[in-house]
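Since the structure comes first, as structure tokens, the remarks are kept for the end.
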Amino acid sequence: MAKNLEEKLTRVRASIVDVPNFPKKGIIFRDIFPVLRNPPVFKDLIDLLINAVTESVPDAQCIVGLESRGFLFGPILAEQLNIPFVPIRKKGKLPGEILSVTYELEYGSDTFEAQSNSVAQGAKVVIVDDLLATGGTMKAACDLMVKLKAQVCLCLVIIELPSLKGRDKVSYPVKSLITFTD
């Protein structure tokens, strides 16, 4: 990684705040919102994400963002790369004809949806989210893109928690900018 990119990554990582015992006791929540409140660091993050896409999938044709934090970064990436942005939403949030995938959570299940005409058949997509933890939501997003007949080229996350083995559930390339091992 070029020195300039390393410096940007250092600034982004330093801006992520650890919140102990949230959302429940024993969990360390990695809060990315301080990054968004600091415009130069937020720009660093966007630059890092753009670099990850252009290096890994230079011919990407669509950015797909997961509800809800993928919506913070995905549209900016898409605009900067001059390609479409497609949101994946929770059940019942999108108008028109939709396709859906139901996935299992720790307690129960949830459903992701996308508009059936939102991605061109065969389009090379990059799926963007803030966090890869257990991998359930990312796997569901990949499954939904396959159902839409898109080509999943990269799953791009800002933070990965490797101890939760989320990457093992995703059968497509995964790129994380920052990993937390504790």
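Chain lettering (A, B, ...) mirrors the order of the structure tokens, residue numbering begins at 1 for each chain separately, and ligand numbering begins at 1 in order of display.
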
For region 19-92 of chain A against region 127-138 of chain A, with a cut-off of 7 Å and counting only C-alpha atoms, what is the closest atom pair and its distance in Å to one decimal for every residue that makes the cut, ordered by chain and number, as CSV?
residue,atom,partner,partner_atom,distance
A:Ile63,CA,A:Ile127,CA,6.0
A:Val64,CA,A:Ile127,CA,4.6
A:Gly65,CA,A:Val128,CA,5.0
A:Leu66,CA,A:Asp129,CA,5.7
A:Arg69,CA,A:Asp130,CA,5.9
A:Gly70,CA,A:Asp129,CA,4.2
A:Gly74,CA,A:Val128,CA,6.2

Give me, as an MDAnalysis selection string, the residues of region 5-180 of chain A that a backbone DSSP run labels helix (DSSP H, G or I).
chainID A and resid 5:15 33:36 39:56 70:81 136:147 162:164 166:169

Separation of CA of Gln80 (chain A) from CA of Leu156 (chain A), in Å and rounded to one decimal:
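Here the two named atoms are 15.9 Å from each other.
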
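Comparing the minimum interatomic distances between Asp47 (chain A) and each of A:Leu99, A:Leu177, A:Leu148, A:Ile159, counting only C-alpha atoms, we find that A:Leu177 sits nearest.
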
Give the strand (DSSP E or B) residues of region 8-178 of chain A, as DSSP finds them on the backbone, and put them as an NGL selection string.
:A and (17-20 or 28-31 or 62-66 or 85-90 or 98-105 or 108-115 or 124-132 or 151-160 or 174-178)

Quick one: pull the distance between CA of Ala60 (chain A) and CA of Gly122 (chain A), Å, one decimal.
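That distance, rounded to one decimal, is 11.2 Å.
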
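For the pair CA of Pro87 (chain A) and CA of Ile50 (chain A), the interatomic distance is 17.9 Å.
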
Counting only C-alpha atoms, which residues of region 43-71 of chain A fall within 9 Å of region 149-155 of chain A, and what is the closest atom pair for each with its distance in Å at one decimal, ordered by chain and rising number, as a tab-separated table?
residue	atom	partner	partner_atom	distance
A:Val53	CA	A:Leu154	CA	8.0
A:Ser56	CA	A:Leu154	CA	7.5
A:Val57	CA	A:Cys153	CA	6.8
A:Ala60	CA	A:Cys153	CA	7.8

Would you export the selected residues with all heavy atoms as a PDB file, in the first residue's frame, please?
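After the write, out.pdb holds the following:
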ATOM      1  N   VAL A  53     -11.844  -0.555  -4.642  1.00  0.00           N
ATOM      2  CA  VAL A  53     -12.663  -0.956  -5.790  1.00  0.00           C
ATOM      3  C   VAL A  53     -11.838  -0.898  -7.068  1.00  0.00           C
ATOM      4  O   VAL A  53     -11.829  -1.859  -7.854  1.00  0.00           O
ATOM      5  CB  VAL A  53     -13.926  -0.075  -5.925  1.00  0.00           C
ATOM      6  CG1 VAL A  53     -14.664  -0.376  -7.229  1.00  0.00           C
ATOM      7  CG2 VAL A  53     -14.850  -0.270  -4.733  1.00  0.00           C
ATOM      8  N   SER A  56      -9.235  -3.755  -7.129  1.00  0.00           N
ATOM      9  CA  SER A  56      -9.766  -5.120  -7.131  1.00  0.00           C
ATOM     10  C   SER A  56     -10.711  -5.400  -8.297  1.00  0.00           C
ATOM     11  O   SER A  56     -10.729  -6.509  -8.829  1.00  0.00           O
ATOM     12  CB  SER A  56     -10.503  -5.399  -5.822  1.00  0.00           C
ATOM     13  OG  SER A  56      -9.652  -5.251  -4.722  1.00  0.00           O
ATOM     14  N   VAL A  57     -11.515  -4.417  -8.656  1.00  0.00           N
ATOM     15  CA  VAL A  57     -12.528  -4.591  -9.712  1.00  0.00           C
ATOM     16  C   VAL A  57     -12.549  -3.321 -10.575  1.00  0.00           C
ATOM     17  O   VAL A  57     -13.485  -2.524 -10.492  1.00  0.00           O
ATOM     18  CB  VAL A  57     -13.929  -4.863  -9.117  1.00  0.00           C
ATOM     19  CG1 VAL A  57     -14.900  -5.316 -10.217  1.00  0.00           C
ATOM     20  CG2 VAL A  57     -13.891  -5.881  -7.988  1.00  0.00           C
ATOM     21  N   ALA A  60     -15.794  -2.535 -12.403  1.00  0.00           N
ATOM     22  CA  ALA A  60     -17.045  -2.642 -11.655  1.00  0.00           C
ATOM     23  C   ALA A  60     -18.140  -1.850 -12.367  1.00  0.00           C
ATOM     24  O   ALA A  60     -17.887  -0.770 -12.897  1.00  0.00           O
ATOM     25  CB  ALA A  60     -16.861  -2.129 -10.230  1.00  0.00           C
TER      26      ALA A  60
END

With only C-alpha atoms as the basis for distance, which of A:Gly96, A:Ala52, A:Ser109, A:Ile88 is at the shortest distance from Val174 (chain A)?
A:Ala52

So which one's closest to Val157 (chain A), A:Leu49, A:Ser171, A:Pro95, A:Pro75? Using only C-alpha atoms, please.
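Closest residue, counting only C-alpha atoms: A:Leu49.
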
Go through A:Ser116, A:Thr179, A:Leu5, A:Cys62 one by one, measure the shortest atom-to-atom distance of each to Arg167 (chain A) using only C-alpha atoms, and give the residue with the smallest value.
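Distance minimum relative to Arg167 (chain A) lands on A:Thr179.
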